[in-house]
Amino acid sequence: MALTLEGNHILLLCGTHEARLLAGCLARDHADTRVTASFAGAIRDLPDPGVPVRVGGFGGAAALTAYLREEAVSLLVDATHPFAAQISRNAWEASEAAGTPLIRLERPAWRAGPSDIWQPVASIEKAVAALPGGARAFLAVGRKEIELFYGRTDIYGLVRAIEAPVTPLPGHWDLVLERPSSACEKERSLLVDRGITHVVTKNSGGTGSFAKIEAARDLRLPVIVIERPRLPATQTVSNVREALDKINIVLSSQSPKET
């Protein structure tokens with residue numbers, strides 16, 4: 001006899017590569033389970049996760065709580081970006097209020113190696129202040145918070161984003177519209193060609209955008225690393241395989257069905 005997940009509803013809060021992989025695995029391995037992939041909608045060019053999709057925020061923890069109840073959500077999986085702190089806090093609060101189990105899929109943070117020149121800072125604001133005058137900075141922080149750097153008229157900024165910031169960059173800065181490269185050689189060429197002296201990045205973890213860290217290491221460039229925000233404690237897994245195992249355990253304990 002085997003356990004199935006039939007009749008359950010998983011709400012998957014997306015925002016990472018791992019979230020898309022997890023959605024695909026659930027669609028493949030558990031076709032009897034209702035899975036809803038939720039995207040905040042910050043980026044218009046959304047991937048197809050292979051399951052039904054909803055786009056747009058919920059409107060806060062109370063509204064998410066209502067959704068969990070109205071849609072009979074059996075399990076909430078937070079697979080958002082490590083820096084999507086408000087969404088993760090709302091997810092935790094809603095899960096507590098609705099009595100819905102919560103699993104957070106959070107990839108491990110990067111750790112400095114012996115050859116890295118890192119300056120950890122606690123926030124974007126501290127990263128802005130940490131850049132020395134005259135720096136030529138590669139600002140790999142995403143488009144939402146890039147405007148916080150605009151007041152630093154004494155630096156040059158190279159910004160890479162999937163979509164252009166709402167407010168145009170300062171006139172002497174440059175914008176590269178593309179996803180991060182996974183090739184260290186390409187990232188190194190970008191840094192050299194633009195005369196970059198400092199790299200600023202969030203500690204996002206994962207392999208998808210780590211090449212810029214490797215390139216900075218090779219070039220002996222200082223990296224200002226914005227540390228992750230603190231989030232409420234909950235069941236946390238570090239990869240898709242662990243997430244699938246935990247999902248099976250949680251849902252099977254709720255409503256096991258014999259086949």
# chains A, B, ... in the order shown; residues from 1 in each chain; ligands from 1

call {"tool": "residues_around", "arguments": {"residues": "A:Trp92", "least_positions_apart": "5", "cutoff": "8 Å", "atoms": "only C-alpha atoms", "output": "number ranges by chain"}}
result
A: 102, 232, 234

call {"tool": "residues_around", "arguments": {"residues": "A:Gly208", "least_positions_apart": "6", "cutoff": "8 Å", "atoms": "only C-alpha atoms", "output": "mmCIF file with N, CA and C atoms, in the first residue's frame"}}
result
data_model
loop_
_atom_site.group_PDB
_atom_site.id
_atom_site.type_symbol
_atom_site.label_atom_id
_atom_site.label_comp_id
_atom_site.auth_asym_id
_atom_site.auth_seq_id
_atom_site.Cartn_x
_atom_site.Cartn_y
_atom_site.Cartn_z
ATOM 1 N N PRO A 180 22.026 37.236 -14.698
ATOM 2 C CA PRO A 180 23.419 36.956 -14.345
ATOM 3 C C PRO A 180 23.964 35.788 -15.143
ATOM 4 N N SER A 181 25.221 35.880 -15.497
ATOM 5 C CA SER A 181 25.869 34.780 -16.202
ATOM 6 C C SER A 181 26.412 33.778 -15.194
ATOM 7 N N SER A 182 26.401 32.513 -15.587
ATOM 8 C CA SER A 182 26.987 31.472 -14.738
ATOM 9 C C SER A 182 28.437 31.198 -15.108
#

call {"tool": "select_by_dssp", "arguments": {"residues": "stretch 48-138 of chain A", "states": "strand (DSSP E or B)", "output": "ChimeraX atom specification"}}
result
/A:53-55,75-78,102-105,117-121,136-138

call {"tool": "residues_around", "arguments": {"residues": "stretch 20-28 of chain A", "least_positions_apart": "3", "cutoff": "6 Å", "atoms": "only C-alpha atoms", "output": "PDB file with C-alpha atoms, in the first residue's frame"}}
result
ATOM      1  CA  HIS A  17      14.983  28.922  -9.494  1.00  0.00           C
ATOM      2  CA  ALA A  31      -0.512  14.857 -10.345  1.00  0.00           C
ATOM      3  CA  PRO A  49       6.314  26.356 -13.650  1.00  0.00           C
ATOM      4  CA  GLY A  50       4.084  23.613 -15.028  1.00  0.00           C
ATOM      5  CA  VAL A 240      14.408  20.756  -3.651  1.00  0.00           C
TER       6      VAL A 240
END

call {"tool": "residues_around", "arguments": {"residues": "A:Glu214", "least_positions_apart": "6", "cutoff": "9 Å", "atoms": "only C-alpha atoms", "output": "list in words"}}
result
Asp116, Cys184, Glu187 and Arg188 of chain A

call {"tool": "select_by_dssp", "arguments": {"residues": "stretch 157-202 of chain A", "states": "helix (DSSP H, G or I)", "output": "ChimeraX atom specification"}}
result
/A:184-193

call {"tool": "write_last_selection", "arguments": {"atoms": "N, CA and C atoms", "output": "mmCIF file, in the first residue's frame"}}
result
data_model
loop_
_atom_site.group_PDB
_atom_site.id
_atom_site.type_symbol
_atom_site.label_atom_id
_atom_site.label_comp_id
_atom_site.auth_asym_id
_atom_site.auth_seq_id
_atom_site.Cartn_x
_atom_site.Cartn_y
_atom_site.Cartn_z
ATOM 1 N N CYS A 184 32.222 32.344 -15.160
ATOM 2 C CA CYS A 184 33.160 33.250 -14.496
ATOM 3 C C CYS A 184 33.905 34.108 -15.513
ATOM 4 N N GLU A 185 34.276 33.516 -16.652
ATOM 5 C CA GLU A 185 35.036 34.256 -17.660
ATOM 6 C C GLU A 185 34.242 35.456 -18.175
ATOM 7 N N LYS A 186 32.947 35.276 -18.399
ATOM 8 C CA LYS A 186 32.117 36.365 -18.884
ATOM 9 C C LYS A 186 31.984 37.466 -17.833
ATOM 10 N N GLU A 187 31.803 37.072 -16.592
ATOM 11 C CA GLU A 187 31.695 38.057 -15.520
ATOM 12 C C GLU A 187 33.007 38.812 -15.328
ATOM 13 N N ARG A 188 34.109 38.097 -15.442
ATOM 14 C CA ARG A 188 35.415 38.742 -15.296
ATOM 15 C C ARG A 188 35.633 39.758 -16.411
ATOM 16 N N SER A 189 35.245 39.410 -17.623
ATOM 17 C CA SER A 189 35.392 40.341 -18.748
ATOM 18 C C SER A 189 34.548 41.591 -18.534
ATOM 19 N N LEU A 190 33.338 41.411 -18.010
ATOM 20 C CA LEU A 190 32.472 42.551 -17.740
ATOM 21 C C LEU A 190 33.118 43.492 -16.728
ATOM 22 N N LEU A 191 33.661 42.936 -15.662
ATOM 23 C CA LEU A 191 34.276 43.755 -14.627
ATOM 24 C C LEU A 191 35.520 44.482 -15.138
ATOM 25 N N VAL A 192 36.298 43.792 -15.937
ATOM 26 C CA VAL A 192 37.529 44.400 -16.474
ATOM 27 C C VAL A 192 37.193 45.475 -17.502
ATOM 28 N N ASP A 193 36.282 45.171 -18.417
ATOM 29 C CA ASP A 193 35.939 46.116 -19.479
ATOM 30 C C ASP A 193 35.388 47.416 -18.919
#

call {"tool": "closest_residue", "arguments": {"among": "A:Leu219, A:Val77, A:Leu11, A:Val141", "to": "A:Val51", "atoms": "only C-alpha atoms"}}
result
A:Leu11

call {"tool": "closest_residue", "arguments": {"among": "A:Ala98, A:Val200, A:Ile146, A:Ala84", "to": "A:Pro229", "atoms": "only C-alpha atoms"}}
result
A:Ala84

call {"tool": "residues_around", "arguments": {"residues": "A:Arg107", "least_positions_apart": "2", "cutoff": "10 Å", "atoms": "only C-alpha atoms", "output": "VMD selection string"}}
result
chain A and resid 16 18 79 81 to 82 104 to 105 109 to 110 204 to 207 236 to 240

call {"tool": "write_last_selection", "arguments": {"atoms": "all heavy atoms", "output": "tab-separated table (two decimals), in the first residue's frame"}}
result
chain	number	residue	atom	x	y	z
A	16	THR	N	12.31	32.05	-6.93
A	16	THR	CA	13.65	31.52	-7.10
A	16	THR	C	13.64	30.40	-8.13
A	16	THR	O	12.59	29.84	-8.46
A	16	THR	CB	14.20	30.95	-5.77
A	16	THR	OG1	13.32	29.91	-5.32
A	16	THR	CG2	14.31	32.03	-4.69
A	18	GLU	N	14.82	27.52	-7.53
A	18	GLU	CA	14.43	26.32	-6.79
A	18	GLU	C	12.91	26.17	-6.73
A	18	GLU	O	12.40	25.05	-6.77
A	18	GLU	CB	15.00	26.38	-5.37
A	18	GLU	CG	16.51	26.21	-5.29
A	18	GLU	CD	17.28	27.49	-5.56
A	18	GLU	OE1	16.65	28.54	-5.80
A	18	GLU	OE2	18.52	27.45	-5.53
A	79	ALA	N	9.12	29.63	-1.03
A	79	ALA	CA	10.34	29.46	-1.83
A	79	ALA	C	10.68	30.78	-2.51
A	79	ALA	O	11.14	30.81	-3.65
A	79	ALA	CB	10.18	28.34	-2.85
A	81	HIS	N	12.66	34.62	-2.69
A	81	HIS	CA	14.06	35.03	-2.60
A	81	HIS	C	14.44	35.26	-1.14
A	81	HIS	O	13.62	35.73	-0.34
A	81	HIS	CB	14.26	36.31	-3.41
A	81	HIS	CG	15.69	36.66	-3.65
A	81	HIS	ND1	16.46	37.35	-2.72
A	81	HIS	CD2	16.51	36.41	-4.70
A	81	HIS	CE1	17.67	37.53	-3.20
A	81	HIS	NE2	17.74	36.95	-4.39
A	82	PRO	N	15.68	34.93	-0.75
A	82	PRO	CA	16.09	35.13	0.64
A	82	PRO	C	15.93	36.57	1.14
A	82	PRO	O	15.88	36.80	2.34
A	82	PRO	CB	17.57	34.71	0.62
A	82	PRO	CG	17.69	33.76	-0.52
A	82	PRO	CD	16.73	34.26	-1.55
A	104	ARG	N	9.83	26.47	4.62
A	104	ARG	CA	10.61	27.46	3.88
A	104	ARG	C	11.76	26.76	3.15
A	104	ARG	O	12.53	26.02	3.75
A	104	ARG	CB	11.18	28.53	4.81
A	104	ARG	CG	11.96	29.64	4.07
A	104	ARG	CD	12.55	30.67	5.04
A	104	ARG	NE	11.51	31.27	5.83
A	104	ARG	CZ	11.57	31.47	7.15
A	104	ARG	NH1	12.64	31.09	7.82
A	104	ARG	NH2	10.58	32.04	7.78
A	105	LEU	N	11.81	26.97	1.84
A	105	LEU	CA	12.91	26.45	1.03
A	105	LEU	C	13.91	27.59	0.86
A	105	LEU	O	13.64	28.56	0.15
A	105	LEU	CB	12.40	25.97	-0.32
A	105	LEU	CG	13.44	25.59	-1.38
A	105	LEU	CD1	14.45	24.59	-0.84
A	105	LEU	CD2	12.76	25.04	-2.63
A	109	ALA	N	23.44	30.31	2.26
A	109	ALA	CA	24.12	31.55	1.93
A	109	ALA	C	25.54	31.26	1.45
A	109	ALA	O	26.12	30.22	1.75
A	109	ALA	CB	24.17	32.47	3.15
A	110	TRP	N	26.09	32.19	0.67
A	110	TRP	CA	27.49	32.09	0.29
A	110	TRP	C	28.38	32.33	1.49
A	110	TRP	O	28.02	33.06	2.42
A	110	TRP	CB	27.83	33.14	-0.77
A	110	TRP	CG	27.12	32.95	-2.07
A	110	TRP	CD1	26.84	31.79	-2.71
A	110	TRP	CD2	26.60	34.00	-2.91
A	110	TRP	NE1	26.18	32.03	-3.89
A	110	TRP	CE2	26.01	33.37	-4.04
A	110	TRP	CE3	26.58	35.39	-2.81
A	110	TRP	CZ2	25.41	34.10	-5.07
A	110	TRP	CZ3	25.97	36.12	-3.83
A	110	TRP	CH2	25.40	35.48	-4.94
A	204	SER	N	22.68	36.19	-1.86
A	204	SER	CA	21.53	35.43	-2.33
A	204	SER	C	21.74	33.93	-2.24
A	204	SER	O	20.77	33.16	-2.18
A	204	SER	CB	21.21	35.82	-3.78
A	204	SER	OG	20.93	37.19	-3.87
A	205	GLY	N	22.99	33.47	-2.28
A	205	GLY	CA	23.26	32.05	-2.28
A	205	GLY	C	22.96	31.42	-3.63
A	205	GLY	O	22.57	32.10	-4.58
A	206	GLY	N	23.17	30.12	-3.72
A	206	GLY	CA	22.92	29.41	-4.96
A	206	GLY	C	24.08	29.54	-5.93
A	206	GLY	O	25.07	30.22	-5.69
A	207	THR	N	23.91	28.87	-7.08
A	207	THR	CA	24.97	28.84	-8.09
A	207	THR	C	24.71	29.76	-9.26
A	207	THR	O	25.61	30.09	-10.02
A	207	THR	CB	25.16	27.41	-8.62
A	207	THR	OG1	23.92	26.95	-9.19
A	207	THR	CG2	25.55	26.46	-7.49
A	236	THR	N	12.68	24.58	7.88
A	236	THR	CA	13.45	25.09	6.74
A	236	THR	C	14.25	23.97	6.11
A	236	THR	O	14.87	23.16	6.80
A	236	THR	CB	14.41	26.22	7.20
A	236	THR	OG1	13.64	27.27	7.80
A	236	THR	CG2	15.18	26.79	6.02
A	237	VAL	N	14.22	23.95	4.78
A	237	VAL	CA	15.02	23.00	4.01
A	237	VAL	C	15.91	23.78	3.06
A	237	VAL	O	15.65	24.94	2.75
A	237	VAL	CB	14.12	22.01	3.23
A	237	VAL	CG1	13.34	21.12	4.19
A	237	VAL	CG2	13.18	22.75	2.30
A	238	SER	N	16.96	23.14	2.58
A	238	SER	CA	17.96	23.87	1.81
A	238	SER	C	17.99	23.54	0.33
A	238	SER	O	18.71	24.17	-0.43
A	238	SER	CB	19.36	23.63	2.39
A	238	SER	OG	19.71	22.25	2.32
A	239	ASN	N	17.19	22.54	-0.09
A	239	ASN	CA	17.19	22.17	-1.50
A	239	ASN	C	15.87	21.51	-1.87
A	239	ASN	O	15.04	21.20	-1.00
A	239	ASN	CB	18.38	21.27	-1.84
A	239	ASN	CG	18.42	20.00	-1.02
A	239	ASN	OD1	17.47	19.21	-1.04
A	239	ASN	ND2	19.50	19.79	-0.28
A	240	VAL	N	15.67	21.28	-3.15
A	240	VAL	CA	14.41	20.76	-3.65
A	240	VAL	C	14.15	19.34	-3.15
A	240	VAL	O	13.02	18.99	-2.78
A	240	VAL	CB	14.38	20.81	-5.20
A	240	VAL	CG1	13.16	20.08	-5.75
A	240	VAL	CG2	14.40	22.25	-5.68

call {"tool": "closest_residue", "arguments": {"among": "A:Ala40, A:Val223, A:Leu169, A:Leu177", "to": "A:Gly59", "atoms": "only C-alpha atoms"}}
result
A:Ala40
